[in-house]
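What follows is the content of work04.cif, which has mmCIF, C-alpha atoms and all ligand atoms:
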```cif
data_my_file
loop_
_atom_site.group_PDB
_atom_site.id
_atom_site.type_symbol
_atom_site.label_atom_id
_atom_site.label_comp_id
_atom_site.auth_asym_id
_atom_site.auth_seq_id
_atom_site.Cartn_x
_atom_site.Cartn_y
_atom_site.Cartn_z
ATOM 1 C CA MET A 1 -49.920 4.168 39.844
ATOM 2 C CA SER A 2 -53.376 4.941 41.125
ATOM 3 C CA THR A 3 -55.995 4.640 38.369
ATOM 4 C CA GLY A 4 -58.789 6.337 40.332
ATOM 5 C CA HIS A 5 -58.059 9.894 41.371
ATOM 6 C CA VAL A 6 -57.719 9.186 45.097
ATOM 7 C CA GLY A 7 -54.013 9.338 45.841
ATOM 8 C CA GLN A 8 -53.060 10.131 42.249
ATOM 9 C CA VAL A 9 -50.133 12.553 42.148
ATOM 10 C CA VAL A 10 -50.988 15.272 39.644
ATOM 11 C CA VAL A 11 -48.766 18.147 38.519
ATOM 12 C CA VAL A 12 -50.634 21.068 36.947
ATOM 13 C CA THR A 13 -48.578 23.865 35.375
ATOM 14 C CA GLY A 14 -49.941 27.393 35.140
ATOM 15 C CA ALA A 15 -52.424 26.451 37.855
ATOM 16 C CA GLY A 16 -52.508 29.892 39.460
ATOM 17 C CA LYS A 17 -55.648 30.919 37.640
ATOM 18 C CA GLY A 18 -58.039 30.110 34.807
ATOM 19 C CA ILE A 19 -58.191 26.629 33.333
ATOM 20 C CA GLY A 20 -55.186 25.308 35.274
ATOM 21 C CA ARG A 21 -56.661 26.362 38.595
ATOM 22 C CA ALA A 22 -60.011 24.728 37.792
ATOM 23 C CA ILE A 23 -58.260 21.482 36.825
ATOM 24 C CA ALA A 24 -56.067 21.513 39.953
ATOM 25 C CA GLU A 25 -59.084 22.107 42.199
ATOM 26 C CA LYS A 26 -61.145 19.377 40.522
ATOM 27 C CA PHE A 27 -58.352 16.814 40.909
ATOM 28 C CA ALA A 28 -57.909 17.815 44.553
ATOM 29 C CA ALA A 29 -61.651 17.507 45.194
ATOM 30 C CA ALA A 30 -61.475 14.015 43.702
ATOM 31 C CA GLY A 31 -58.783 13.017 46.214
ATOM 32 C CA ALA A 32 -55.631 13.558 44.170
ATOM 33 C CA HIS A 33 -52.429 14.987 45.604
ATOM 34 C CA VAL A 34 -51.810 18.085 43.530
ATOM 35 C CA VAL A 35 -48.627 19.969 42.729
ATOM 36 C CA VAL A 36 -49.683 23.522 41.886
ATOM 37 C CA ASN A 37 -47.211 25.318 39.620
ATOM 38 C CA ASP A 38 -47.297 28.871 38.352
ATOM 39 C CA ILE A 39 -44.795 31.580 37.502
ATOM 40 C CA ARG A 40 -46.611 33.862 39.989
ATOM 41 C CA ALA A 41 -45.874 33.059 43.628
ATOM 42 C CA ASP A 42 -48.962 34.871 44.971
ATOM 43 C CA ALA A 43 -51.206 32.831 42.687
ATOM 44 C CA VAL A 44 -49.537 29.559 43.735
ATOM 45 C CA ASP A 45 -50.039 30.416 47.410
ATOM 46 C CA ALA A 46 -53.692 31.345 46.871
ATOM 47 C CA VAL A 47 -54.537 28.111 45.045
ATOM 48 C CA VAL A 48 -52.711 25.890 47.540
ATOM 49 C CA ALA A 49 -54.516 27.693 50.380
ATOM 50 C CA ALA A 50 -57.904 27.258 48.675
ATOM 51 C CA ILE A 51 -57.341 23.534 48.068
ATOM 52 C CA THR A 52 -56.123 22.969 51.624
ATOM 53 C CA ALA A 53 -59.059 24.927 53.063
ATOM 54 C CA SER A 54 -61.430 22.630 51.154
ATOM 55 C CA GLY A 55 -59.813 19.561 52.709
ATOM 56 C CA GLY A 56 -57.608 18.716 49.720
ATOM 57 C CA THR A 57 -53.880 18.022 49.507
ATOM 58 C CA ALA A 58 -51.571 20.310 47.550
ATOM 59 C CA VAL A 59 -48.066 21.715 47.461
ATOM 60 C CA GLY A 60 -47.006 24.739 45.450
ATOM 61 C CA VAL A 61 -43.969 25.407 43.284
ATOM 62 C CA THR A 62 -43.289 28.812 41.781
ATOM 63 C CA ALA A 63 -41.401 28.171 38.551
ATOM 64 C CA ASP A 64 -41.196 29.254 34.922
ATOM 65 C CA VAL A 65 -41.893 26.220 32.714
ATOM 66 C CA SER A 66 -39.576 27.546 30.001
ATOM 67 C CA ASP A 67 -36.519 27.217 32.265
ATOM 68 C CA SER A 68 -35.172 23.680 32.708
ATOM 69 C CA ALA A 69 -33.598 24.336 36.131
ATOM 70 C CA GLN A 70 -36.894 25.719 37.439
ATOM 71 C CA VAL A 71 -38.816 22.834 35.883
ATOM 72 C CA ALA A 72 -36.571 20.441 37.813
ATOM 73 C CA THR A 73 -37.791 22.016 41.065
ATOM 74 C CA ILE A 74 -41.414 21.219 40.168
ATOM 75 C CA PHE A 75 -40.682 17.518 39.868
ATOM 76 C CA ASP A 76 -38.217 17.393 42.772
ATOM 77 C CA THR A 77 -40.964 18.884 44.954
ATOM 78 C CA ALA A 78 -43.501 16.328 43.695
ATOM 79 C CA ILE A 79 -41.146 13.451 44.525
ATOM 80 C CA GLU A 80 -40.277 14.884 47.917
ATOM 81 C CA ALA A 81 -43.915 15.536 48.876
ATOM 82 C CA PHE A 82 -45.705 12.582 47.298
ATOM 83 C CA GLY A 83 -43.100 10.086 46.052
ATOM 84 C CA THR A 84 -43.993 10.040 42.339
ATOM 85 C CA VAL A 85 -45.866 11.715 39.489
ATOM 86 C CA ASP A 86 -48.847 9.908 37.947
ATOM 87 C CA VAL A 87 -50.312 12.724 35.856
ATOM 88 C CA LEU A 88 -48.854 15.855 34.285
ATOM 89 C CA VAL A 89 -51.198 18.538 32.979
ATOM 90 C CA ASN A 90 -49.132 20.860 30.763
ATOM 91 C CA ASN A 91 -51.441 23.836 30.993
ATOM 92 C CA ALA A 92 -49.141 26.879 31.297
ATOM 93 C CA GLY A 93 -49.324 29.049 28.232
ATOM 94 C CA ILE A 94 -49.256 32.683 27.133
ATOM 95 C CA VAL A 95 -51.129 34.411 24.325
ATOM 96 C CA SER A 96 -50.017 37.979 24.571
ATOM 97 C CA PRO A 97 -48.916 40.374 23.362
ATOM 98 C CA MET A 98 -50.879 40.071 20.151
ATOM 99 C CA LEU A 99 -48.783 41.298 17.224
ATOM 100 C CA HIS A 100 -49.442 41.467 13.516
ATOM 101 C CA PHE A 101 -46.899 39.325 11.679
ATOM 102 C CA LEU A 102 -45.348 42.405 10.051
ATOM 103 C CA GLU A 103 -44.758 43.940 13.489
ATOM 104 C CA ALA A 104 -43.457 40.767 15.136
ATOM 105 C CA ASP A 105 -39.862 40.384 16.268
ATOM 106 C CA GLU A 106 -37.596 37.552 17.323
ATOM 107 C CA ALA A 107 -37.921 38.139 21.080
ATOM 108 C CA TRP A 108 -41.729 37.906 20.827
ATOM 109 C CA TRP A 109 -41.548 34.693 18.809
ATOM 110 C CA ARG A 110 -38.997 33.095 21.127
ATOM 111 C CA ARG A 111 -40.845 33.892 24.372
ATOM 112 C CA ILE A 112 -44.153 32.443 23.173
ATOM 113 C CA ILE A 113 -42.517 29.326 21.700
ATOM 114 C CA ASP A 114 -40.343 28.936 24.840
ATOM 115 C CA VAL A 115 -43.238 29.054 27.297
ATOM 116 C CA ASN A 116 -45.870 27.205 25.271
ATOM 117 C CA LEU A 117 -43.935 24.592 23.305
ATOM 118 C CA THR A 118 -40.554 24.220 25.018
ATOM 119 C CA GLY A 119 -42.354 24.356 28.384
ATOM 120 C CA HIS A 120 -44.413 21.322 27.334
ATOM 121 C CA PHE A 121 -41.229 19.503 26.285
ATOM 122 C CA LEU A 122 -39.272 20.280 29.456
ATOM 123 C CA CYS A 123 -42.067 19.281 31.845
ATOM 124 C CA SER A 124 -42.990 16.183 29.850
ATOM 125 C CA HIS A 125 -39.388 15.048 29.660
ATOM 126 C CA ARG A 126 -38.992 15.232 33.448
ATOM 127 C CA ALA A 127 -42.363 13.616 34.084
ATOM 128 C CA ALA A 128 -41.772 10.793 31.613
ATOM 129 C CA ARG A 129 -38.503 9.820 33.296
ATOM 130 C CA ILE A 130 -40.424 9.407 36.559
ATOM 131 C CA MET A 131 -43.417 7.632 34.977
ATOM 132 C CA VAL A 132 -41.181 5.145 33.153
ATOM 133 C CA ASP A 133 -39.964 3.853 36.505
ATOM 134 C CA GLN A 134 -43.506 2.935 37.543
ATOM 135 C CA GLY A 135 -44.550 1.731 34.064
ATOM 136 C CA ALA A 136 -47.548 4.061 33.964
ATOM 137 C CA GLY A 137 -48.500 7.693 33.619
ATOM 138 C CA VAL A 138 -50.635 10.208 31.771
ATOM 139 C CA ILE A 139 -49.545 13.465 30.160
ATOM 140 C CA ILE A 140 -52.238 15.952 29.131
ATOM 141 C CA ASN A 141 -51.170 18.825 26.890
ATOM 142 C CA MET A 142 -53.113 22.029 26.306
ATOM 143 C CA SER A 143 -53.622 22.924 22.683
ATOM 144 C CA SER A 144 -55.969 25.513 21.146
ATOM 145 C CA GLY A 145 -58.241 25.866 18.157
ATOM 146 C CA GLY A 146 -55.289 27.909 16.851
ATOM 147 C CA ALA A 147 -53.471 24.641 16.111
ATOM 148 C CA THR A 148 -55.824 23.967 13.202
ATOM 149 C CA ARG A 149 -57.638 27.276 12.500
ATOM 150 C CA ALA A 150 -55.643 30.518 12.694
ATOM 151 C CA HIS A 151 -56.281 33.589 14.822
ATOM 152 C CA ARG A 152 -55.288 36.963 13.368
ATOM 153 C CA ALA A 153 -52.149 38.437 15.034
ATOM 154 C CA PHE A 154 -51.360 35.148 16.804
ATOM 155 C CA THR A 155 -48.716 33.607 14.518
ATOM 156 C CA ALA A 156 -46.355 32.518 17.313
ATOM 157 C CA TYR A 157 -49.199 31.257 19.520
ATOM 158 C CA ASP A 158 -50.851 29.293 16.730
ATOM 159 C CA ALA A 159 -47.496 27.807 15.675
ATOM 160 C CA SER A 160 -46.794 26.804 19.298
ATOM 161 C CA LYS A 161 -50.170 25.058 19.555
ATOM 162 C CA GLY A 162 -49.695 23.264 16.224
ATOM 163 C CA GLY A 163 -46.376 22.102 17.638
ATOM 164 C CA ILE A 164 -48.088 20.902 20.807
ATOM 165 C CA GLU A 165 -50.494 18.716 18.813
ATOM 166 C CA ALA A 166 -47.600 17.215 16.815
ATOM 167 C CA LEU A 167 -45.632 16.746 20.052
ATOM 168 C CA THR A 168 -48.630 14.957 21.568
ATOM 169 C CA ARG A 169 -48.747 12.386 18.766
ATOM 170 C CA ALA A 170 -44.977 11.890 18.669
ATOM 171 C CA MET A 171 -44.669 11.502 22.450
ATOM 172 C CA ALA A 172 -47.571 9.039 22.458
ATOM 173 C CA LEU A 173 -45.633 6.787 20.069
ATOM 174 C CA ASP A 174 -42.352 6.981 21.987
ATOM 175 C CA LEU A 175 -43.939 6.570 25.427
ATOM 176 C CA GLY A 176 -46.740 4.083 24.732
ATOM 177 C CA PRO A 177 -44.500 1.033 25.186
ATOM 178 C CA TYR A 178 -43.685 2.301 28.696
ATOM 179 C CA GLY A 179 -47.338 2.520 29.714
ATOM 180 C CA ILE A 180 -47.515 6.296 29.390
ATOM 181 C CA ARG A 181 -50.458 7.851 27.556
ATOM 182 C CA VAL A 182 -50.230 11.325 26.015
ATOM 183 C CA CYS A 183 -53.256 13.346 24.894
ATOM 184 C CA ALA A 184 -54.149 16.976 24.303
ATOM 185 C CA LEU A 185 -57.211 19.017 25.147
ATOM 186 C CA VAL A 186 -58.340 21.801 22.841
ATOM 187 C CA PRO A 187 -60.157 24.502 24.808
ATOM 188 C CA GLY A 188 -62.583 26.621 22.820
ATOM 189 C CA SER A 189 -63.418 30.101 24.016
ATOM 190 C CA ILE A 190 -63.076 29.747 27.784
ATOM 191 C CA ASP A 191 -64.022 32.708 29.954
ATOM 192 C CA THR A 192 -61.067 32.947 32.330
ATOM 193 C CA GLU A 193 -61.321 36.696 32.916
ATOM 194 C CA GLY A 194 -64.990 36.959 33.929
ATOM 195 C CA MET A 195 -66.735 38.520 30.910
ATOM 196 C CA ASP A 196 -69.803 40.637 31.597
ATOM 197 C CA GLU A 197 -73.217 39.358 30.557
ATOM 198 C CA GLU A 198 -73.245 41.199 27.217
ATOM 199 C CA ALA A 199 -69.768 39.979 26.279
ATOM 200 C CA ARG A 200 -70.772 36.402 27.118
ATOM 201 C CA ARG A 201 -73.930 36.736 25.031
ATOM 202 C CA LEU A 202 -72.007 38.081 22.015
ATOM 203 C CA ARG A 203 -69.321 35.399 22.318
ATOM 204 C CA GLY A 204 -71.981 32.733 22.683
ATOM 205 C CA GLU A 205 -73.578 33.744 19.363
ATOM 206 C CA ASN A 206 -70.723 32.085 17.490
ATOM 207 C CA ILE A 207 -70.657 28.913 19.562
ATOM 208 C CA PRO A 208 -73.063 26.056 18.755
ATOM 209 C CA LEU A 209 -73.759 25.406 22.456
ATOM 210 C CA GLY A 210 -74.592 29.103 22.825
ATOM 211 C CA ARG A 211 -72.138 30.214 25.498
ATOM 212 C CA PRO A 212 -68.427 30.565 26.128
ATOM 213 C CA GLY A 213 -66.870 27.835 28.229
ATOM 214 C CA ASP A 214 -66.068 28.217 31.908
ATOM 215 C CA PRO A 215 -62.721 26.995 33.291
ATOM 216 C CA ASP A 216 -64.505 24.152 35.069
ATOM 217 C CA ASP A 217 -65.766 22.872 31.687
ATOM 218 C CA MET A 218 -62.139 21.840 31.012
ATOM 219 C CA ALA A 219 -61.725 19.961 34.285
ATOM 220 C CA GLY A 220 -64.038 16.987 33.647
ATOM 221 C CA PRO A 221 -62.302 16.049 30.387
ATOM 222 C CA ALA A 222 -58.898 16.310 32.115
ATOM 223 C CA LEU A 223 -59.996 13.979 34.915
ATOM 224 C CA PHE A 224 -61.473 11.586 32.370
ATOM 225 C CA LEU A 225 -58.224 11.414 30.370
ATOM 226 C CA ALA A 226 -56.290 10.778 33.595
ATOM 227 C CA SER A 227 -58.607 7.941 34.611
ATOM 228 C CA ASP A 228 -58.700 4.253 33.841
ATOM 229 C CA ALA A 229 -61.871 4.912 31.804
ATOM 230 C CA ALA A 230 -59.557 6.449 29.181
ATOM 231 C CA ARG A 231 -56.973 3.633 29.367
ATOM 232 C CA TYR A 232 -57.020 2.945 25.591
ATOM 233 C CA ILE A 233 -56.830 6.588 24.484
ATOM 234 C CA THR A 234 -53.444 7.991 23.505
ATOM 235 C CA GLY A 235 -52.049 10.318 20.853
ATOM 236 C CA ASP A 236 -55.447 11.930 20.579
ATOM 237 C CA VAL A 237 -56.642 15.502 20.626
ATOM 238 C CA ILE A 238 -60.003 16.156 22.270
ATOM 239 C CA ARG A 239 -61.876 19.374 21.584
ATOM 240 C CA VAL A 240 -63.735 20.962 24.485
ATOM 241 C CA ASP A 241 -65.195 23.919 22.656
ATOM 242 C CA GLY A 242 -68.989 23.814 22.609
ATOM 243 C CA GLY A 243 -68.800 22.805 18.937
ATOM 244 C CA MET A 244 -66.796 25.828 17.730
ATOM 245 C CA LEU A 245 -64.411 23.924 15.464
ATOM 246 C CA ALA A 246 -67.170 21.692 14.116
ATOM 247 C CA GLN A 247 -68.730 24.571 12.215
ATOM 248 C CA GLN A 248 -67.852 25.879 8.761
ATOM 249 C CA ARG A 249 -69.296 29.366 9.341
ATOM 250 C CA SER A 250 -70.134 31.146 12.568
ATOM 251 C CA ALA A 251 -73.832 31.149 13.447
ATOM 252 C CA THR A 252 -74.252 34.861 12.752
ATOM 253 C CA VAL A 253 -73.301 34.484 9.060
ATOM 254 C CA ASP A 254 -74.426 30.914 8.357
ATOM 255 C CA ILE A 255 -76.938 30.120 5.586
ATOM 256 C CA MET A 256 -79.529 29.221 8.184
ATOM 257 C CA PRO A 257 -78.858 31.117 11.414
ATOM 258 C CA PRO A 258 -80.187 29.545 14.622
ATOM 259 C CA SER A 259 -82.799 32.340 14.772
ATOM 260 C CA ASN A 260 -84.462 30.611 11.770
ATOM 261 C CA PHE A 261 -84.441 27.151 13.368
ATOM 262 C CA PRO A 262 -87.878 25.560 13.794
ATOM 263 C CA LYS A 263 -89.674 26.480 17.001
ATOM 264 C CA LEU A 264 -90.730 23.609 19.246
ATOM 265 C CA ALA A 265 -94.413 24.469 18.652
ATOM 266 C CA ASP A 266 -93.897 24.074 14.852
ATOM 267 C CA LEU A 267 -92.553 20.560 15.413
ATOM 268 C CA ALA A 268 -95.632 19.208 17.206
ATOM 269 C CA ASP A 269 -96.564 15.671 16.070
HETATM 270 N N1 LIG B 1 -58.955 30.550 27.781
HETATM 271 C C1 LIG B 1 -59.130 30.112 26.552
HETATM 272 O O1 LIG B 1 -60.121 30.438 25.888
HETATM 273 C C2 LIG B 1 -58.117 29.178 25.919
HETATM 274 C C3 LIG B 1 -58.369 28.752 24.617
HETATM 275 C C4 LIG B 1 -57.466 27.884 23.995
HETATM 276 C C5 LIG B 1 -56.349 27.441 24.697
HETATM 277 N N2 LIG B 1 -56.132 27.873 25.964
HETATM 278 C C6 LIG B 1 -54.925 27.368 26.636
HETATM 279 O O2 LIG B 1 -55.244 26.910 27.939
HETATM 280 C C7 LIG B 1 -54.152 27.158 28.826
HETATM 281 C C8 LIG B 1 -54.638 27.974 30.004
HETATM 282 O O3 LIG B 1 -55.255 29.150 29.517
HETATM 283 P P1 LIG B 1 -55.995 30.185 30.468
HETATM 284 O O4 LIG B 1 -56.929 30.952 29.588
HETATM 285 O O5 LIG B 1 -56.488 29.515 31.688
HETATM 286 O O6 LIG B 1 -54.754 31.150 30.804
HETATM 287 P P2 LIG B 1 -54.597 32.215 31.996
HETATM 288 O O7 LIG B 1 -53.771 33.322 31.413
HETATM 289 O O8 LIG B 1 -55.907 32.543 32.613
HETATM 290 O O9 LIG B 1 -53.727 31.395 33.045
HETATM 291 C C9 LIG B 1 -52.459 30.920 32.688
HETATM 292 C C10 LIG B 1 -51.621 30.755 33.936
HETATM 293 O O10 LIG B 1 -50.317 30.307 33.484
HETATM 294 C C11 LIG B 1 -49.345 31.036 34.208
HETATM 295 N N3 LIG B 1 -48.098 31.095 33.419
HETATM 296 C C12 LIG B 1 -47.830 31.925 32.384
HETATM 297 N N4 LIG B 1 -46.568 31.714 31.969
HETATM 298 C C13 LIG B 1 -46.041 30.748 32.763
HETATM 299 C C14 LIG B 1 -44.775 30.123 32.817
HETATM 300 N N5 LIG B 1 -43.792 30.478 31.981
HETATM 301 N N6 LIG B 1 -44.577 29.164 33.750
HETATM 302 C C15 LIG B 1 -45.566 28.816 34.616
HETATM 303 N N7 LIG B 1 -46.782 29.393 34.617
HETATM 304 C C16 LIG B 1 -47.022 30.349 33.694
HETATM 305 C C17 LIG B 1 -49.956 32.412 34.421
HETATM 306 O O11 LIG B 1 -49.334 33.114 35.488
HETATM 307 C C18 LIG B 1 -51.417 32.058 34.696
HETATM 308 O O12 LIG B 1 -51.659 31.876 36.075
HETATM 309 C C19 LIG B 1 -53.088 27.864 27.975
HETATM 310 O O13 LIG B 1 -52.166 26.909 27.490
HETATM 311 C C20 LIG B 1 -53.879 28.454 26.830
HETATM 312 O O14 LIG B 1 -53.116 28.624 25.662
HETATM 313 C C21 LIG B 1 -56.987 28.738 26.592
#
```

How does this structure look as structure tokens?
Amino acid sequence: MSTGHVGQVVVVTGAGKGIGRAIAEKFAAAGAHVVVNDIRADAVDAVVAAITASGGTAVGVTADVSDSAQVATIFDTAIEAFGTVDVLVNNAGIVSPMLHFLEADEAWWRRIIDVNLTGHFLCSHRAARIMVDQGAGVIINMSSGGATRAHRAFTAYDASKGGIEALTRAMALDLGPYGIRVCALVPGSIDTEGMDEEARRLRGENIPLGRPGDPDDMAGPALFLASDAARYITGDVIRVDGGMLAQQRSATVDIMPPSNFPKLADLAD
């Protein structure tokens, strides 16, 4: 297994847009060989073309991560193209449709759990069987603040993300002896749809660092976890949220809002 990113074989699910795309592109720019997965073929083609045009190496696989036969094609393609899998980024996930718990139904629950939680299991299971053979590997799961603090009308999503954090710890214990590390990233409020300036400002008011995240903000932490610099980190959950989950109350309703913070001029001497 390569411990720098050059030549690392990295599978990123749901890499057709948003956070997954940013992570795939960052790995490719760092010299990794990237397997770009998404359920949308047009998105897969666009990302592979963009990586290749920038001088990177990528192959695409259109597949639904909730379907074990389709998941097999992701890893078969990785083996065929690059010979192994060093890193799996389980990024694919769905949030919608939002439904109040009283309006929810079984099909809604099952689809969100299937894609978000079962998708993580199916891809990880395949990847781990490959990584075991080389005695090394890294699996990065994608959680959410919803794993520990609830969103309204997101019961299935929040439950899936809580499951992903528990899965991360449990897999880390089972796979550690085989040299495989398993961690999760917790994105905060990441602007994957291109909010306008006013929407970004309003969203930023409730975030200690003052702005929503951009997809590329998630990429550095992913590359770090996949690197030798993180070789003693496993079973952990790392928040990448501008401080959102560190706060008890949002800035707009806190006892001392940031607008009352001391001005630099008042702090002289
Ligand atoms: N954006 C945020 O603020 C945020 C916050 C917390 C967690 N997350 C998590 O980060 C991950 C990425 O989020 P995003 O905002 O970039 O999402 P996004 O909707 O922008 O992109 C997700 C991609 O996954 C693909 N996808 C959906 N279902 C799939 C399936 N069954 N198989 C394969 N691909 C599939 C979609 O086609 C899409 O290209 C998700 O797991 C999400 O829950 C995002």

Explicit residues for the PyMOL selection byres (((chain A and resi 181-192) around 9) and not hetatm) (as a short mmCIF file (atom, residue, chain, number, x, y, z; two decimals) with C-alpha atoms, keeping the file's coordinate frame):
```
data_model
loop_
_atom_site.label_atom_id
_atom_site.label_comp_id
_atom_site.auth_asym_id
_atom_site.auth_seq_id
_atom_site.Cartn_x
_atom_site.Cartn_y
_atom_site.Cartn_z
CA LYS A 17 -55.65 30.92 37.64
CA GLY A 18 -58.04 30.11 34.81
CA ILE A 19 -58.19 26.63 33.33
CA ALA A 136 -47.55 4.06 33.96
CA GLY A 137 -48.50 7.69 33.62
CA VAL A 138 -50.64 10.21 31.77
CA ILE A 139 -49.54 13.46 30.16
CA ILE A 140 -52.24 15.95 29.13
CA ASN A 141 -51.17 18.82 26.89
CA MET A 142 -53.11 22.03 26.31
CA SER A 143 -53.62 22.92 22.68
CA SER A 144 -55.97 25.51 21.15
CA GLY A 145 -58.24 25.87 18.16
CA ALA A 147 -53.47 24.64 16.11
CA ILE A 164 -48.09 20.90 20.81
CA GLU A 165 -50.49 18.72 18.81
CA THR A 168 -48.63 14.96 21.57
CA ARG A 169 -48.75 12.39 18.77
CA MET A 171 -44.67 11.50 22.45
CA ALA A 172 -47.57 9.04 22.46
CA LEU A 173 -45.63 6.79 20.07
CA LEU A 175 -43.94 6.57 25.43
CA GLY A 176 -46.74 4.08 24.73
CA TYR A 178 -43.68 2.30 28.70
CA GLY A 179 -47.34 2.52 29.71
CA ILE A 180 -47.52 6.30 29.39
CA GLU A 193 -61.32 36.70 32.92
CA GLY A 194 -64.99 36.96 33.93
CA MET A 195 -66.74 38.52 30.91
CA ARG A 200 -70.77 36.40 27.12
CA ARG A 203 -69.32 35.40 22.32
CA ILE A 207 -70.66 28.91 19.56
CA ARG A 211 -72.14 30.21 25.50
CA PRO A 212 -68.43 30.56 26.13
CA GLY A 213 -66.87 27.84 28.23
CA ASP A 214 -66.07 28.22 31.91
CA PRO A 215 -62.72 27.00 33.29
CA ASP A 217 -65.77 22.87 31.69
CA MET A 218 -62.14 21.84 31.01
CA PRO A 221 -62.30 16.05 30.39
CA ALA A 222 -58.90 16.31 32.12
CA LEU A 225 -58.22 11.41 30.37
CA ALA A 226 -56.29 10.78 33.60
CA ARG A 231 -56.97 3.63 29.37
CA TYR A 232 -57.02 2.94 25.59
CA ILE A 233 -56.83 6.59 24.48
CA THR A 234 -53.44 7.99 23.50
CA GLY A 235 -52.05 10.32 20.85
CA ASP A 236 -55.45 11.93 20.58
CA VAL A 237 -56.64 15.50 20.63
CA ILE A 238 -60.00 16.16 22.27
CA ARG A 239 -61.88 19.37 21.58
CA VAL A 240 -63.74 20.96 24.48
CA ASP A 241 -65.19 23.92 22.66
CA GLY A 242 -68.99 23.81 22.61
CA GLY A 243 -68.80 22.80 18.94
CA MET A 244 -66.80 25.83 17.73
CA LEU A 245 -64.41 23.92 15.46
#
```

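Nearest to ligand LIG 1 (chain B) of all the residues A:Ala30, A:Ala170, A:Ile51, A:Val95 is A:Val95, counting all atoms listed in the file.
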
### Task
Can you turn the PyMOL selection byres (((chain A and resi 86) around 10) and not hetatm) into a concrete residue list for this file, as a list in words?
Met1, Ser2, Thr3, His5, Gly7, Gln8, Val9, Val10, Val11, Ala32, His33, Gly83, Thr84, Val85, Val87, Leu88, Ala127, Ala128, Ile130, Met131, Gln134, Ala136, Gly137, Val138, Ile139, Ile180 and Ala226 of chain A

Can you tell me, as a PDB file with C-alpha atoms, keeping the file's coordinate frame, which residues sit within 9 Å of (-52.8, 29.5, 16.8) in the file's frame, using only C-alpha atoms?
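The resulting point.pdb:
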```pdb
ATOM      1  CA  SER A 143     -53.622  22.924  22.683  1.00  0.00           C
ATOM      2  CA  SER A 144     -55.969  25.513  21.146  1.00  0.00           C
ATOM      3  CA  GLY A 145     -58.241  25.866  18.157  1.00  0.00           C
ATOM      4  CA  GLY A 146     -55.289  27.909  16.851  1.00  0.00           C
ATOM      5  CA  ALA A 147     -53.471  24.641  16.111  1.00  0.00           C
ATOM      6  CA  THR A 148     -55.824  23.967  13.202  1.00  0.00           C
ATOM      7  CA  ARG A 149     -57.638  27.276  12.500  1.00  0.00           C
ATOM      8  CA  ALA A 150     -55.643  30.518  12.694  1.00  0.00           C
ATOM      9  CA  HIS A 151     -56.281  33.589  14.822  1.00  0.00           C
ATOM     10  CA  ARG A 152     -55.288  36.963  13.368  1.00  0.00           C
ATOM     11  CA  PHE A 154     -51.360  35.148  16.804  1.00  0.00           C
ATOM     12  CA  THR A 155     -48.716  33.607  14.518  1.00  0.00           C
ATOM     13  CA  ALA A 156     -46.355  32.518  17.313  1.00  0.00           C
ATOM     14  CA  TYR A 157     -49.199  31.257  19.520  1.00  0.00           C
ATOM     15  CA  ASP A 158     -50.851  29.293  16.730  1.00  0.00           C
ATOM     16  CA  ALA A 159     -47.496  27.807  15.675  1.00  0.00           C
ATOM     17  CA  SER A 160     -46.794  26.804  19.298  1.00  0.00           C
ATOM     18  CA  LYS A 161     -50.170  25.058  19.555  1.00  0.00           C
ATOM     19  CA  GLY A 162     -49.695  23.264  16.224  1.00  0.00           C
TER      20      GLY A 162
END
```

### Task
Could you tell me which residues the PyMOL selection byres (((chain A and resi 58) around 7) and not hetatm) returns for this structure, as a PyMOL selection string?
chain A and resi 33-36+48+51-52+56-57+59-60

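Minimum atom-to-atom distances from A:Ile255, A:Ile94, A:Ala107, A:Ala22 to ligand LIG 1 (chain B) were compared using all atoms listed in the file, and the lowest value belongs to A:Ile94.
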
Would you compute the box with edges along x, y and z of the file around stretch 24-30 of chain A, including every atom the file lists for it and 8 Å extra on each side, and give its centre and edge lengths in Å to one decimal, as lines of an AutoDock Vina configuration file?
```
center_x = -58.9
center_y = 18.1
center_z = 42.6
size_x = 21.6
size_y = 24.1
size_z = 21.2
```
